[in-house]
Amino acid sequence: MFKWKDDFSVNIKSIDEQHQELFRIGNSLYNVVSIKDGIDRYDEIMEALYEMKDYAIYHFDYEEKLMKDNGYSKFLKHKRQHDAFVNKLASIEDKDVDRKQKEVGMELIIFIANWIENHILKTDMEYKKYLNNKGIS
């Protein structure tokens, strides 16, 4: 579901590695939701959701510090997108996951996949050249 391609690279090793970790977490959530054995997967779904949220916060803080420290002009716009992602993950109700695991899980996977792909391929690519030109790689 979440497959890293060179197109996602921002030519900054630490950020590429962090993006790859987001892909790994997304895949782990997809794998849990995709199991068709009728077993309650609430705990596993919530664990993956919390891991995604926590890691996203870590990654966003890192990326934002890099942008801010280097005077990136679109920092605030970028940060708003990060905040919206975290807020969306935080807004998912435990009770909804418990009652409708597959439905909420698949909606979450689609949201994360679309967001990661669009954010990295569009918004992150906007800072790629700027930060690379500052010698950050």
# chains A, B, ... in the order shown; residues from 1 in each chain; ligands from 1
call {"tool": "residues_around", "arguments": {"residues": "region 33-47 of chain A", "least_positions_apart": "4", "cutoff": "8 Å", "atoms": "only C-alpha atoms", "output": "number ranges by chain"}}
result
A: 29, 51, 94, 97-98, 101-102, 105-106
call {"tool": "write_last_selection", "arguments": {"atoms": "C-alpha atoms", "output": "mmCIF file, in the first residue's frame"}}
result
data_model
loop_
_atom_site.group_PDB
_atom_site.id
_atom_site.type_symbol
_atom_site.label_atom_id
_atom_site.label_comp_id
_atom_site.auth_asym_id
_atom_site.auth_seq_id
_atom_site.Cartn_x
_atom_site.Cartn_y
_atom_site.Cartn_z
ATOM 1 C CA LEU A 29 -1.748 -0.181 9.863
ATOM 2 C CA GLU A 51 2.468 5.321 16.563
ATOM 3 C CA ASP A 94 -11.663 5.328 20.130
ATOM 4 C CA VAL A 97 -12.543 2.445 15.889
ATOM 5 C CA ASP A 98 -13.997 -0.068 18.341
ATOM 6 C CA GLN A 101 -12.785 -1.232 12.849
ATOM 7 C CA LYS A 102 -12.550 -2.104 9.150
ATOM 8 C CA GLY A 105 -9.311 1.668 9.516
ATOM 9 C CA MET A 106 -9.688 1.827 5.732
#
call {"tool": "closest_residue", "arguments": {"among": "A:Trp115, A:Phe23, A:Phe85, A:Tyr30", "to": "Lys53 (chain A)", "atoms": "only C-alpha atoms"}}
result
A:Phe85
call {"tool": "closest_atom_pairs", "arguments": {"of": "region 6-120 of chain A", "to": "region 125-130 of chain A", "cutoff": "12 Å", "atoms": "only C-alpha atoms", "output": "Markdown table"}}
result
| residue | atom | partner | partner_atom | distance |
| --- | --- | --- | --- | --- |
| A:Asp7 | CA | A:Met125 | CA | 9.6 |
| A:Phe8 | CA | A:Met125 | CA | 8.3 |
| A:Ser9 | CA | A:Met125 | CA | 8.5 |
| A:Val10 | CA | A:Lys128 | CA | 5.2 |
| A:Asn11 | CA | A:Lys128 | CA | 7.1 |
| A:Ile12 | CA | A:Lys128 | CA | 8.0 |
| A:Lys13 | CA | A:Lys128 | CA | 11.7 |
| A:Ile15 | CA | A:Lys128 | CA | 10.4 |
| A:Asp16 | CA | A:Lys128 | CA | 11.1 |
| A:Glu63 | CA | A:Tyr127 | CA | 10.1 |
| A:Glu64 | CA | A:Tyr127 | CA | 10.9 |
| A:Leu66 | CA | A:Tyr127 | CA | 10.2 |
| A:Met67 | CA | A:Tyr127 | CA | 7.9 |
| A:Lys68 | CA | A:Tyr127 | CA | 11.3 |
| A:Asn70 | CA | A:Tyr130 | CA | 9.1 |
| A:Gly71 | CA | A:Tyr130 | CA | 9.7 |
| A:Tyr72 | CA | A:Tyr127 | CA | 7.4 |
| A:Ser73 | CA | A:Tyr127 | CA | 9.2 |
| A:Lys74 | CA | A:Tyr127 | CA | 8.2 |
| A:Phe75 | CA | A:Tyr127 | CA | 9.1 |
| A:Lys77 | CA | A:Glu126 | CA | 11.3 |
| A:His78 | CA | A:Tyr127 | CA | 9.5 |
| A:Glu117 | CA | A:Met125 | CA | 11.1 |
| A:Asn118 | CA | A:Met125 | CA | 10.0 |
| A:His119 | CA | A:Met125 | CA | 8.5 |
| A:Ile120 | CA | A:Met125 | CA | 6.4 |
call {"tool": "write_last_selection", "arguments": {"atoms": "N, CA and C atoms", "output": "PDB file, in the first residue's frame"}}
result
ATOM      1  N   ASP A   7      11.020   9.212  -6.224  1.00  0.00           N
ATOM      2  CA  ASP A   7      10.299  10.476  -6.431  1.00  0.00           C
ATOM      3  C   ASP A   7       9.979  11.178  -5.111  1.00  0.00           C
ATOM      4  N   PHE A   8       9.924  10.419  -4.017  1.00  0.00           N
ATOM      5  CA  PHE A   8       9.603  10.989  -2.714  1.00  0.00           C
ATOM      6  C   PHE A   8      10.812  11.634  -2.033  1.00  0.00           C
ATOM      7  N   SER A   9      12.002  11.413  -2.554  1.00  0.00           N
ATOM      8  CA  SER A   9      13.215  11.905  -1.903  1.00  0.00           C
ATOM      9  C   SER A   9      13.318  13.427  -1.992  1.00  0.00           C
ATOM     10  N   VAL A  10      13.660  14.033  -0.857  1.00  0.00           N
ATOM     11  CA  VAL A  10      13.934  15.476  -0.822  1.00  0.00           C
ATOM     12  C   VAL A  10      15.448  15.732  -0.771  1.00  0.00           C
ATOM     13  N   ASN A  11      16.219  14.680  -0.991  1.00  0.00           N
ATOM     14  CA  ASN A  11      17.686  14.751  -0.971  1.00  0.00           C
ATOM     15  C   ASN A  11      18.242  15.242   0.364  1.00  0.00           C
ATOM     16  N   ILE A  12      17.494  14.953   1.426  1.00  0.00           N
ATOM     17  CA  ILE A  12      17.968  15.227   2.783  1.00  0.00           C
ATOM     18  C   ILE A  12      17.825  13.890   3.515  1.00  0.00           C
ATOM     19  N   LYS A  13      18.962  13.258   3.797  1.00  0.00           N
ATOM     20  CA  LYS A  13      18.966  11.882   4.284  1.00  0.00           C
ATOM     21  C   LYS A  13      18.063  11.679   5.502  1.00  0.00           C
ATOM     22  N   ILE A  15      15.481  13.384   6.581  1.00  0.00           N
ATOM     23  CA  ILE A  15      14.060  13.530   6.280  1.00  0.00           C
ATOM     24  C   ILE A  15      13.572  12.370   5.423  1.00  0.00           C
ATOM     25  N   ASP A  16      14.368  11.944   4.461  1.00  0.00           N
ATOM     26  CA  ASP A  16      13.972  10.772   3.665  1.00  0.00           C
ATOM     27  C   ASP A  16      13.791   9.552   4.563  1.00  0.00           C
ATOM     28  N   GLU A  63      11.343  18.612  10.865  1.00  0.00           N
ATOM     29  CA  GLU A  63      11.266  19.289   9.571  1.00  0.00           C
ATOM     30  C   GLU A  63      11.019  20.790   9.765  1.00  0.00           C
ATOM     31  N   GLU A  64      10.128  21.141  10.677  1.00  0.00           N
ATOM     32  CA  GLU A  64       9.809  22.547  10.932  1.00  0.00           C
ATOM     33  C   GLU A  64      11.009  23.304  11.483  1.00  0.00           C
ATOM     34  N   LEU A  66      14.133  22.640  10.902  1.00  0.00           N
ATOM     35  CA  LEU A  66      15.043  22.808   9.775  1.00  0.00           C
ATOM     36  C   LEU A  66      14.600  23.976   8.885  1.00  0.00           C
ATOM     37  N   MET A  67      13.308  24.042   8.601  1.00  0.00           N
ATOM     38  CA  MET A  67      12.783  25.128   7.762  1.00  0.00           C
ATOM     39  C   MET A  67      12.939  26.479   8.468  1.00  0.00           C
ATOM     40  N   LYS A  68      12.553  26.505   9.722  1.00  0.00           N
ATOM     41  CA  LYS A  68      12.598  27.758  10.477  1.00  0.00           C
ATOM     42  C   LYS A  68      14.033  28.257  10.640  1.00  0.00           C
ATOM     43  N   ASN A  70      16.450  27.849   8.785  1.00  0.00           N
ATOM     44  CA  ASN A  70      17.032  28.246   7.501  1.00  0.00           C
ATOM     45  C   ASN A  70      16.218  29.313   6.776  1.00  0.00           C
ATOM     46  N   GLY A  71      15.258  29.900   7.471  1.00  0.00           N
ATOM     47  CA  GLY A  71      14.515  31.029   6.924  1.00  0.00           C
ATOM     48  C   GLY A  71      13.614  30.693   5.752  1.00  0.00           C
ATOM     49  N   TYR A  72      13.046  29.504   5.767  1.00  0.00           N
ATOM     50  CA  TYR A  72      12.171  29.092   4.675  1.00  0.00           C
ATOM     51  C   TYR A  72      10.886  29.920   4.697  1.00  0.00           C
ATOM     52  N   SER A  73      10.587  30.601   3.608  1.00  0.00           N
ATOM     53  CA  SER A  73       9.490  31.579   3.577  1.00  0.00           C
ATOM     54  C   SER A  73       8.092  30.959   3.678  1.00  0.00           C
ATOM     55  N   LYS A  74       7.941  29.695   3.311  1.00  0.00           N
ATOM     56  CA  LYS A  74       6.621  29.064   3.359  1.00  0.00           C
ATOM     57  C   LYS A  74       6.440  28.215   4.616  1.00  0.00           C
ATOM     58  N   PHE A  75       7.231  28.512   5.632  1.00  0.00           N
ATOM     59  CA  PHE A  75       7.197  27.744   6.876  1.00  0.00           C
ATOM     60  C   PHE A  75       5.804  27.666   7.490  1.00  0.00           C
ATOM     61  N   LYS A  77       2.764  28.136   6.239  1.00  0.00           N
ATOM     62  CA  LYS A  77       1.838  27.367   5.410  1.00  0.00           C
ATOM     63  C   LYS A  77       2.098  25.871   5.588  1.00  0.00           C
ATOM     64  N   HIS A  78       3.359  25.510   5.587  1.00  0.00           N
ATOM     65  CA  HIS A  78       3.758  24.114   5.743  1.00  0.00           C
ATOM     66  C   HIS A  78       3.336  23.590   7.120  1.00  0.00           C
ATOM     67  N   GLU A 117       1.337  11.098   0.377  1.00  0.00           N
ATOM     68  CA  GLU A 117       1.763  11.226  -1.017  1.00  0.00           C
ATOM     69  C   GLU A 117       1.661  12.667  -1.493  1.00  0.00           C
ATOM     70  N   ASN A 118       0.525  13.301  -1.264  1.00  0.00           N
ATOM     71  CA  ASN A 118       0.350  14.689  -1.716  1.00  0.00           C
ATOM     72  C   ASN A 118       1.272  15.651  -0.984  1.00  0.00           C
ATOM     73  N   HIS A 119       1.427  15.459   0.312  1.00  0.00           N
ATOM     74  CA  HIS A 119       2.263  16.373   1.090  1.00  0.00           C
ATOM     75  C   HIS A 119       3.730  16.254   0.672  1.00  0.00           C
ATOM     76  N   ILE A 120       4.219  15.029   0.571  1.00  0.00           N
ATOM     77  CA  ILE A 120       5.630  14.863   0.199  1.00  0.00           C
ATOM     78  C   ILE A 120       5.864  15.305  -1.243  1.00  0.00           C
TER      79      ILE A 120
END
call {"tool": "residues_around", "arguments": {"residues": "Lys88 (chain A)", "least_positions_apart": "2", "cutoff": "12 Å", "atoms": "only C-alpha atoms", "output": "PDB file with C-alpha atoms, in the first residue's frame"}}
result
ATOM      1  CA  LEU A  49      -2.721   5.036  14.991  1.00  0.00           C
ATOM      2  CA  MET A  52       1.621   7.254  13.390  1.00  0.00           C
ATOM      3  CA  LYS A  53       0.537  10.319  15.356  1.00  0.00           C
ATOM      4  CA  ALA A  56       4.387  12.361  12.681  1.00  0.00           C
ATOM      5  CA  GLN A  81      -0.613  21.326   6.943  1.00  0.00           C
ATOM      6  CA  HIS A  82       1.325  19.416   9.582  1.00  0.00           C
ATOM      7  CA  ASP A  83      -1.035  20.624  12.297  1.00  0.00           C
ATOM      8  CA  ALA A  84      -4.087  19.602  10.245  1.00  0.00           C
ATOM      9  CA  PHE A  85      -2.691  16.066   9.820  1.00  0.00           C
ATOM     10  CA  VAL A  86      -2.043  15.634  13.540  1.00  0.00           C
ATOM     11  CA  ALA A  90      -6.212  13.056  17.132  1.00  0.00           C
ATOM     12  CA  SER A  91      -9.886  13.509  16.222  1.00  0.00           C
ATOM     13  CA  ILE A  92     -10.457   9.819  15.569  1.00  0.00           C
ATOM     14  CA  GLU A  93     -12.633   8.544  18.366  1.00  0.00           C
ATOM     15  CA  GLU A 107     -10.775   5.488   5.848  1.00  0.00           C
ATOM     16  CA  LEU A 108      -7.705   6.210   7.963  1.00  0.00           C
ATOM     17  CA  PHE A 111      -6.476   9.554   4.414  1.00  0.00           C
ATOM     18  CA  ILE A 112      -2.870   8.822   5.448  1.00  0.00           C
ATOM     19  CA  TRP A 115      -1.932  12.975   2.693  1.00  0.00           C
TER      20      TRP A 115
END
call {"tool": "atom_distance", "arguments": {"atom1": "CA of Tyr62 (chain A)", "atom2": "CA of Ala113 (chain A)"}}
result
20.8 Å
call {"tool": "select_by_dssp", "arguments": {"residues": "chain A", "states": "helix (DSSP H, G or I)", "output": "short mmCIF file (atom, residue, chain, number, x, y, z; two decimals) with N, CA and C atoms, in the first residue's frame"}}
result
data_model
loop_
_atom_site.label_atom_id
_atom_site.label_comp_id
_atom_site.auth_asym_id
_atom_site.auth_seq_id
_atom_site.Cartn_x
_atom_site.Cartn_y
_atom_site.Cartn_z
N ASP A 6 11.87 6.75 -5.36
CA ASP A 6 12.85 7.83 -5.38
C ASP A 6 12.20 9.20 -5.60
N ASP A 7 11.02 9.21 -6.22
CA ASP A 7 10.30 10.48 -6.43
C ASP A 7 9.98 11.18 -5.11
N PHE A 8 9.92 10.42 -4.02
CA PHE A 8 9.60 10.99 -2.71
C PHE A 8 10.81 11.63 -2.03
N LYS A 13 18.96 13.26 3.80
CA LYS A 13 18.97 11.88 4.28
C LYS A 13 18.06 11.68 5.50
N SER A 14 18.18 12.55 6.48
CA SER A 14 17.39 12.38 7.71
C SER A 14 15.89 12.46 7.44
N ILE A 15 15.48 13.38 6.58
CA ILE A 15 14.06 13.53 6.28
C ILE A 15 13.57 12.37 5.42
N ASP A 16 14.37 11.94 4.46
CA ASP A 16 13.97 10.77 3.66
C ASP A 16 13.79 9.55 4.56
N GLU A 17 14.67 9.37 5.52
CA GLU A 17 14.55 8.23 6.45
C GLU A 17 13.28 8.35 7.30
N GLN A 18 12.97 9.56 7.73
CA GLN A 18 11.76 9.78 8.51
C GLN A 18 10.52 9.52 7.66
N HIS A 19 10.54 9.97 6.42
CA HIS A 19 9.41 9.71 5.52
C HIS A 19 9.24 8.21 5.31
N GLN A 20 10.34 7.50 5.17
CA GLN A 20 10.27 6.05 4.99
C GLN A 20 9.67 5.38 6.23
N GLU A 21 9.95 5.91 7.39
CA GLU A 21 9.35 5.37 8.62
C GLU A 21 7.84 5.61 8.64
N LEU A 22 7.40 6.76 8.16
CA LEU A 22 5.95 7.01 8.06
C LEU A 22 5.31 5.99 7.11
N PHE A 23 5.99 5.67 6.04
CA PHE A 23 5.50 4.64 5.11
C PHE A 23 5.41 3.29 5.83
N ARG A 24 6.43 2.96 6.62
CA ARG A 24 6.44 1.68 7.34
C ARG A 24 5.26 1.60 8.31
N ILE A 25 5.01 2.67 9.03
CA ILE A 25 3.89 2.69 9.98
C ILE A 25 2.57 2.58 9.23
N GLY A 26 2.45 3.30 8.12
CA GLY A 26 1.25 3.20 7.29
C GLY A 26 1.01 1.77 6.82
N ASN A 27 2.08 1.11 6.42
CA ASN A 27 1.97 -0.30 5.99
C ASN A 27 1.55 -1.20 7.14
N SER A 28 2.06 -0.94 8.31
CA SER A 28 1.69 -1.77 9.45
C SER A 28 0.20 -1.61 9.77
N LEU A 29 -0.32 -0.40 9.66
CA LEU A 29 -1.75 -0.18 9.86
C LEU A 29 -2.54 -0.89 8.77
N TYR A 30 -2.10 -0.76 7.54
CA TYR A 30 -2.78 -1.43 6.43
C TYR A 30 -2.81 -2.94 6.64
N ASN A 31 -1.69 -3.50 7.07
CA ASN A 31 -1.63 -4.95 7.29
C ASN A 31 -2.61 -5.41 8.35
N VAL A 32 -2.74 -4.64 9.42
CA VAL A 32 -3.68 -4.99 10.49
C VAL A 32 -5.12 -4.92 9.98
N VAL A 33 -5.47 -3.84 9.30
CA VAL A 33 -6.84 -3.63 8.84
C VAL A 33 -7.21 -4.65 7.76
N SER A 34 -6.23 -5.10 7.00
CA SER A 34 -6.49 -6.02 5.89
C SER A 34 -6.73 -7.47 6.31
N TYR A 42 -8.90 -4.04 17.53
CA TYR A 42 -8.94 -2.69 18.09
C TYR A 42 -7.58 -2.26 18.64
N ASP A 43 -7.00 -3.11 19.50
CA ASP A 43 -5.73 -2.73 20.13
C ASP A 43 -4.62 -2.50 19.10
N GLU A 44 -4.56 -3.34 18.09
CA GLU A 44 -3.53 -3.21 17.07
C GLU A 44 -3.74 -1.95 16.22
N ILE A 45 -5.00 -1.68 15.89
CA ILE A 45 -5.31 -0.47 15.11
C ILE A 45 -4.96 0.78 15.91
N MET A 46 -5.35 0.80 17.17
CA MET A 46 -5.07 1.97 18.01
C MET A 46 -3.56 2.13 18.22
N GLU A 47 -2.86 1.04 18.37
CA GLU A 47 -1.40 1.12 18.53
C GLU A 47 -0.75 1.73 17.29
N ALA A 48 -1.18 1.29 16.10
CA ALA A 48 -0.64 1.85 14.86
C ALA A 48 -1.03 3.32 14.70
N LEU A 49 -2.26 3.65 15.07
CA LEU A 49 -2.72 5.04 14.99
C LEU A 49 -1.88 5.94 15.90
N TYR A 50 -1.68 5.50 17.15
CA TYR A 50 -0.87 6.29 18.09
C TYR A 50 0.58 6.39 17.62
N GLU A 51 1.10 5.30 17.07
CA GLU A 51 2.47 5.32 16.56
C GLU A 51 2.58 6.32 15.41
N MET A 52 1.60 6.31 14.52
CA MET A 52 1.62 7.25 13.39
C MET A 52 1.56 8.69 13.90
N LYS A 53 0.67 8.96 14.83
CA LYS A 53 0.54 10.32 15.36
C LYS A 53 1.82 10.76 16.05
N ASP A 54 2.36 9.91 16.92
CA ASP A 54 3.58 10.27 17.67
C ASP A 54 4.76 10.47 16.73
N TYR A 55 4.90 9.58 15.75
CA TYR A 55 6.04 9.71 14.85
C TYR A 55 5.87 10.92 13.94
N ALA A 56 4.64 11.18 13.51
CA ALA A 56 4.39 12.36 12.68
C ALA A 56 4.77 13.62 13.44
N ILE A 57 4.41 13.70 14.71
CA ILE A 57 4.77 14.87 15.53
C ILE A 57 6.29 15.01 15.61
N TYR A 58 6.98 13.91 15.85
CA TYR A 58 8.45 13.93 15.90
C TYR A 58 9.02 14.43 14.57
N HIS A 59 8.54 13.83 13.48
CA HIS A 59 9.04 14.20 12.15
C HIS A 59 8.73 15.66 11.83
N PHE A 60 7.49 16.09 12.09
CA PHE A 60 7.11 17.46 11.78
C PHE A 60 7.94 18.46 12.57
N ASP A 61 8.18 18.18 13.85
CA ASP A 61 9.01 19.07 14.66
C ASP A 61 10.41 19.20 14.05
N TYR A 62 10.96 18.08 13.62
CA TYR A 62 12.29 18.06 13.01
C TYR A 62 12.31 18.89 11.72
N GLU A 63 11.34 18.61 10.86
CA GLU A 63 11.27 19.29 9.57
C GLU A 63 11.02 20.79 9.76
N GLU A 64 10.13 21.14 10.68
CA GLU A 64 9.81 22.55 10.93
C GLU A 64 11.01 23.30 11.48
N LYS A 65 11.76 22.67 12.36
CA LYS A 65 12.96 23.32 12.90
C LYS A 65 13.96 23.60 11.78
N LEU A 66 14.13 22.64 10.90
CA LEU A 66 15.04 22.81 9.78
C LEU A 66 14.60 23.98 8.88
N MET A 67 13.31 24.04 8.60
CA MET A 67 12.78 25.13 7.76
C MET A 67 12.94 26.48 8.47
N LYS A 68 12.55 26.50 9.72
CA LYS A 68 12.60 27.76 10.48
C LYS A 68 14.03 28.26 10.64
N ASP A 69 14.93 27.35 11.01
CA ASP A 69 16.34 27.73 11.21
C ASP A 69 16.99 28.24 9.92
N PHE A 75 7.23 28.51 5.63
CA PHE A 75 7.20 27.74 6.88
C PHE A 75 5.80 27.67 7.49
N LEU A 76 5.12 28.80 7.64
CA LEU A 76 3.82 28.81 8.33
C LEU A 76 2.77 28.01 7.54
N LYS A 77 2.76 28.14 6.24
CA LYS A 77 1.84 27.37 5.41
C LYS A 77 2.10 25.87 5.59
N HIS A 78 3.36 25.51 5.59
CA HIS A 78 3.76 24.11 5.74
C HIS A 78 3.34 23.59 7.12
N LYS A 79 3.58 24.39 8.15
CA LYS A 79 3.24 24.00 9.52
C LYS A 79 1.73 23.79 9.66
N ARG A 80 0.94 24.62 9.02
CA ARG A 80 -0.52 24.46 9.10
C ARG A 80 -0.95 23.10 8.54
N GLN A 81 -0.29 22.66 7.49
CA GLN A 81 -0.61 21.33 6.94
C GLN A 81 -0.23 20.23 7.93
N HIS A 82 0.92 20.38 8.56
CA HIS A 82 1.33 19.42 9.58
C HIS A 82 0.31 19.38 10.72
N ASP A 83 -0.08 20.54 11.19
CA ASP A 83 -1.04 20.62 12.30
C ASP A 83 -2.37 19.97 11.92
N ALA A 84 -2.82 20.19 10.69
CA ALA A 84 -4.09 19.60 10.24
C ALA A 84 -4.01 18.07 10.24
N PHE A 85 -2.87 17.52 9.84
CA PHE A 85 -2.69 16.07 9.82
C PHE A 85 -2.78 15.51 11.24
N VAL A 86 -2.05 16.11 12.15
CA VAL A 86 -2.04 15.63 13.54
C VAL A 86 -3.43 15.78 14.14
N ASN A 87 -4.09 16.91 13.88
CA ASN A 87 -5.45 17.12 14.42
C ASN A 87 -6.43 16.08 13.89
N LYS A 88 -6.30 15.72 12.63
CA LYS A 88 -7.18 14.68 12.05
C LYS A 88 -6.95 13.36 12.76
N LEU A 89 -5.71 12.97 12.96
CA LEU A 89 -5.42 11.71 13.66
C LEU A 89 -5.94 11.77 15.09
N ALA A 90 -5.77 12.91 15.74
CA ALA A 90 -6.21 13.06 17.13
C ALA A 90 -7.73 13.05 17.25
N ASP A 94 -11.89 6.73 19.78
CA ASP A 94 -11.66 5.33 20.13
C ASP A 94 -12.91 4.48 19.91
N LYS A 95 -14.06 5.05 20.29
CA LYS A 95 -15.31 4.29 20.18
C LYS A 95 -15.66 3.99 18.73
N ASP A 96 -15.32 4.91 17.82
CA ASP A 96 -15.57 4.67 16.40
C ASP A 96 -14.70 3.53 15.89
N VAL A 97 -13.44 3.53 16.29
CA VAL A 97 -12.54 2.44 15.89
C VAL A 97 -13.06 1.13 16.46
N ASP A 98 -13.53 1.16 17.69
CA ASP A 98 -14.00 -0.07 18.34
C ASP A 98 -15.23 -0.64 17.63
N ARG A 99 -16.16 0.22 17.24
CA ARG A 99 -17.41 -0.25 16.62
C ARG A 99 -17.26 -0.59 15.15
N GLN A 101 -14.23 -1.11 13.05
CA GLN A 101 -12.79 -1.23 12.85
C GLN A 101 -12.36 -1.19 11.38
N LYS A 102 -12.96 -2.03 10.57
CA LYS A 102 -12.55 -2.10 9.15
C LYS A 102 -12.85 -0.79 8.43
N GLU A 103 -14.04 -0.26 8.65
CA GLU A 103 -14.45 0.97 7.96
C GLU A 103 -13.57 2.15 8.36
N VAL A 104 -13.42 2.36 9.65
CA VAL A 104 -12.60 3.48 10.13
C VAL A 104 -11.14 3.24 9.76
N GLY A 105 -10.69 2.00 9.88
CA GLY A 105 -9.31 1.67 9.52
C GLY A 105 -9.01 1.97 8.06
N MET A 106 -9.92 1.57 7.16
CA MET A 106 -9.69 1.83 5.73
C MET A 106 -9.77 3.32 5.41
N GLU A 107 -10.70 4.03 6.04
CA GLU A 107 -10.78 5.49 5.85
C GLU A 107 -9.47 6.15 6.30
N LEU A 108 -8.95 5.68 7.41
CA LEU A 108 -7.70 6.21 7.96
C LEU A 108 -6.53 5.93 7.02
N ILE A 109 -6.48 4.72 6.50
CA ILE A 109 -5.40 4.36 5.58
C ILE A 109 -5.46 5.23 4.33
N ILE A 110 -6.65 5.40 3.78
CA ILE A 110 -6.80 6.23 2.58
C ILE A 110 -6.39 7.68 2.88
N PHE A 111 -6.85 8.20 4.02
CA PHE A 111 -6.48 9.55 4.41
C PHE A 111 -4.96 9.68 4.53
N ILE A 112 -4.32 8.76 5.24
CA ILE A 112 -2.87 8.82 5.45
C ILE A 112 -2.13 8.69 4.12
N ALA A 113 -2.54 7.73 3.29
CA ALA A 113 -1.87 7.52 2.00
C ALA A 113 -1.98 8.76 1.12
N ASN A 114 -3.17 9.32 1.02
CA ASN A 114 -3.36 10.53 0.21
C ASN A 114 -2.57 11.70 0.77
N TRP A 115 -2.61 11.85 2.08
CA TRP A 115 -1.93 12.97 2.69
C TRP A 115 -0.42 12.86 2.52
N ILE A 116 0.11 11.69 2.85
CA ILE A 116 1.57 11.52 2.74
C ILE A 116 2.02 11.74 1.30
N GLU A 117 1.34 11.10 0.38
CA GLU A 117 1.76 11.23 -1.02
C GLU A 117 1.66 12.67 -1.49
N ASN A 118 0.52 13.30 -1.26
CA ASN A 118 0.35 14.69 -1.72
C ASN A 118 1.27 15.65 -0.98
N HIS A 119 1.43 15.46 0.31
CA HIS A 119 2.26 16.37 1.09
C HIS A 119 3.73 16.25 0.67
N ILE A 120 4.22 15.03 0.57
CA ILE A 120 5.63 14.86 0.20
C ILE A 120 5.86 15.30 -1.24
N LEU A 121 5.02 14.85 -2.15
CA LEU A 121 5.26 15.13 -3.57
C LEU A 121 4.99 16.58 -3.96
N LYS A 122 4.22 17.29 -3.16
CA LYS A 122 3.93 18.69 -3.49
C LYS A 122 4.59 19.63 -2.49
N THR A 123 4.09 19.62 -1.27
CA THR A 123 4.53 20.61 -0.27
C THR A 123 6.00 20.44 0.11
N ASP A 124 6.42 19.20 0.37
CA ASP A 124 7.83 19.01 0.74
C ASP A 124 8.77 19.30 -0.42
N MET A 125 8.33 19.03 -1.63
CA MET A 125 9.17 19.31 -2.79
C MET A 125 9.40 20.82 -2.96
N GLU A 126 8.52 21.62 -2.36
CA GLU A 126 8.71 23.08 -2.44
C GLU A 126 9.93 23.52 -1.64
N TYR A 127 10.27 22.82 -0.56
CA TYR A 127 11.45 23.22 0.21
C TYR A 127 12.71 22.47 -0.22
N LYS A 128 12.56 21.43 -1.01
CA LYS A 128 13.70 20.59 -1.41
C LYS A 128 14.85 21.42 -1.97
N LYS A 129 14.58 22.15 -3.03
CA LYS A 129 15.65 22.92 -3.69
C LYS A 129 16.19 24.00 -2.75
N TYR A 130 15.28 24.65 -2.02
CA TYR A 130 15.69 25.72 -1.11
C TYR A 130 16.69 25.19 -0.08
N LEU A 131 16.34 24.10 0.60
CA LEU A 131 17.22 23.56 1.65
C LEU A 131 18.47 22.91 1.05
N ASN A 132 18.32 22.25 -0.09
CA ASN A 132 19.49 21.65 -0.75
C ASN A 132 20.49 22.75 -1.13
N ASN A 133 19.98 23.89 -1.60
CA ASN A 133 20.86 25.01 -1.96
C ASN A 133 21.55 25.62 -0.75
#
call {"tool": "decode", "arguments": {"residues": "region 7-41 of chain A", "atoms": "C-alpha atoms", "output": "PDB file, in the first residue's frame"}}
result
ATOM      1  CA  ASP A   7      10.299  10.476  -6.431  1.00  0.00           C
ATOM      2  CA  PHE A   8       9.603  10.989  -2.714  1.00  0.00           C
ATOM      3  CA  SER A   9      13.215  11.905  -1.903  1.00  0.00           C
ATOM      4  CA  VAL A  10      13.934  15.476  -0.822  1.00  0.00           C
ATOM      5  CA  ASN A  11      17.686  14.751  -0.971  1.00  0.00           C
ATOM      6  CA  ILE A  12      17.968  15.227   2.783  1.00  0.00           C
ATOM      7  CA  LYS A  13      18.966  11.882   4.284  1.00  0.00           C
ATOM      8  CA  SER A  14      17.393  12.377   7.711  1.00  0.00           C
ATOM      9  CA  ILE A  15      14.060  13.530   6.280  1.00  0.00           C
ATOM     10  CA  ASP A  16      13.972  10.772   3.665  1.00  0.00           C
ATOM     11  CA  GLU A  17      14.548   8.229   6.448  1.00  0.00           C
ATOM     12  CA  GLN A  18      11.755   9.776   8.507  1.00  0.00           C
ATOM     13  CA  HIS A  19       9.412   9.713   5.520  1.00  0.00           C
ATOM     14  CA  GLN A  20      10.270   6.048   4.993  1.00  0.00           C
ATOM     15  CA  GLU A  21       9.351   5.371   8.623  1.00  0.00           C
ATOM     16  CA  LEU A  22       5.955   7.009   8.058  1.00  0.00           C
ATOM     17  CA  PHE A  23       5.498   4.641   5.114  1.00  0.00           C
ATOM     18  CA  ARG A  24       6.442   1.684   7.342  1.00  0.00           C
ATOM     19  CA  ILE A  25       3.894   2.694   9.977  1.00  0.00           C
ATOM     20  CA  GLY A  26       1.246   3.198   7.292  1.00  0.00           C
ATOM     21  CA  ASN A  27       1.965  -0.297   5.990  1.00  0.00           C
ATOM     22  CA  SER A  28       1.692  -1.775   9.455  1.00  0.00           C
ATOM     23  CA  LEU A  29      -1.748  -0.181   9.863  1.00  0.00           C
ATOM     24  CA  TYR A  30      -2.779  -1.430   6.425  1.00  0.00           C
ATOM     25  CA  ASN A  31      -1.627  -4.952   7.285  1.00  0.00           C
ATOM     26  CA  VAL A  32      -3.682  -4.993  10.487  1.00  0.00           C
ATOM     27  CA  VAL A  33      -6.836  -3.634   8.840  1.00  0.00           C
ATOM     28  CA  SER A  34      -6.492  -6.020   5.890  1.00  0.00           C
ATOM     29  CA  ILE A  35      -6.576  -9.197   8.000  1.00  0.00           C
ATOM     30  CA  LYS A  36      -9.852 -10.993   7.324  1.00  0.00           C
ATOM     31  CA  ASP A  37     -10.002 -13.410  10.238  1.00  0.00           C
ATOM     32  CA  GLY A  38     -12.908 -11.909  12.176  1.00  0.00           C
ATOM     33  CA  ILE A  39     -10.721 -11.243  15.220  1.00  0.00           C
ATOM     34  CA  ASP A  40     -11.074  -7.938  17.064  1.00  0.00           C
ATOM     35  CA  ARG A  41      -8.085  -5.799  16.051  1.00  0.00           C
TER      36      ARG A  41
END
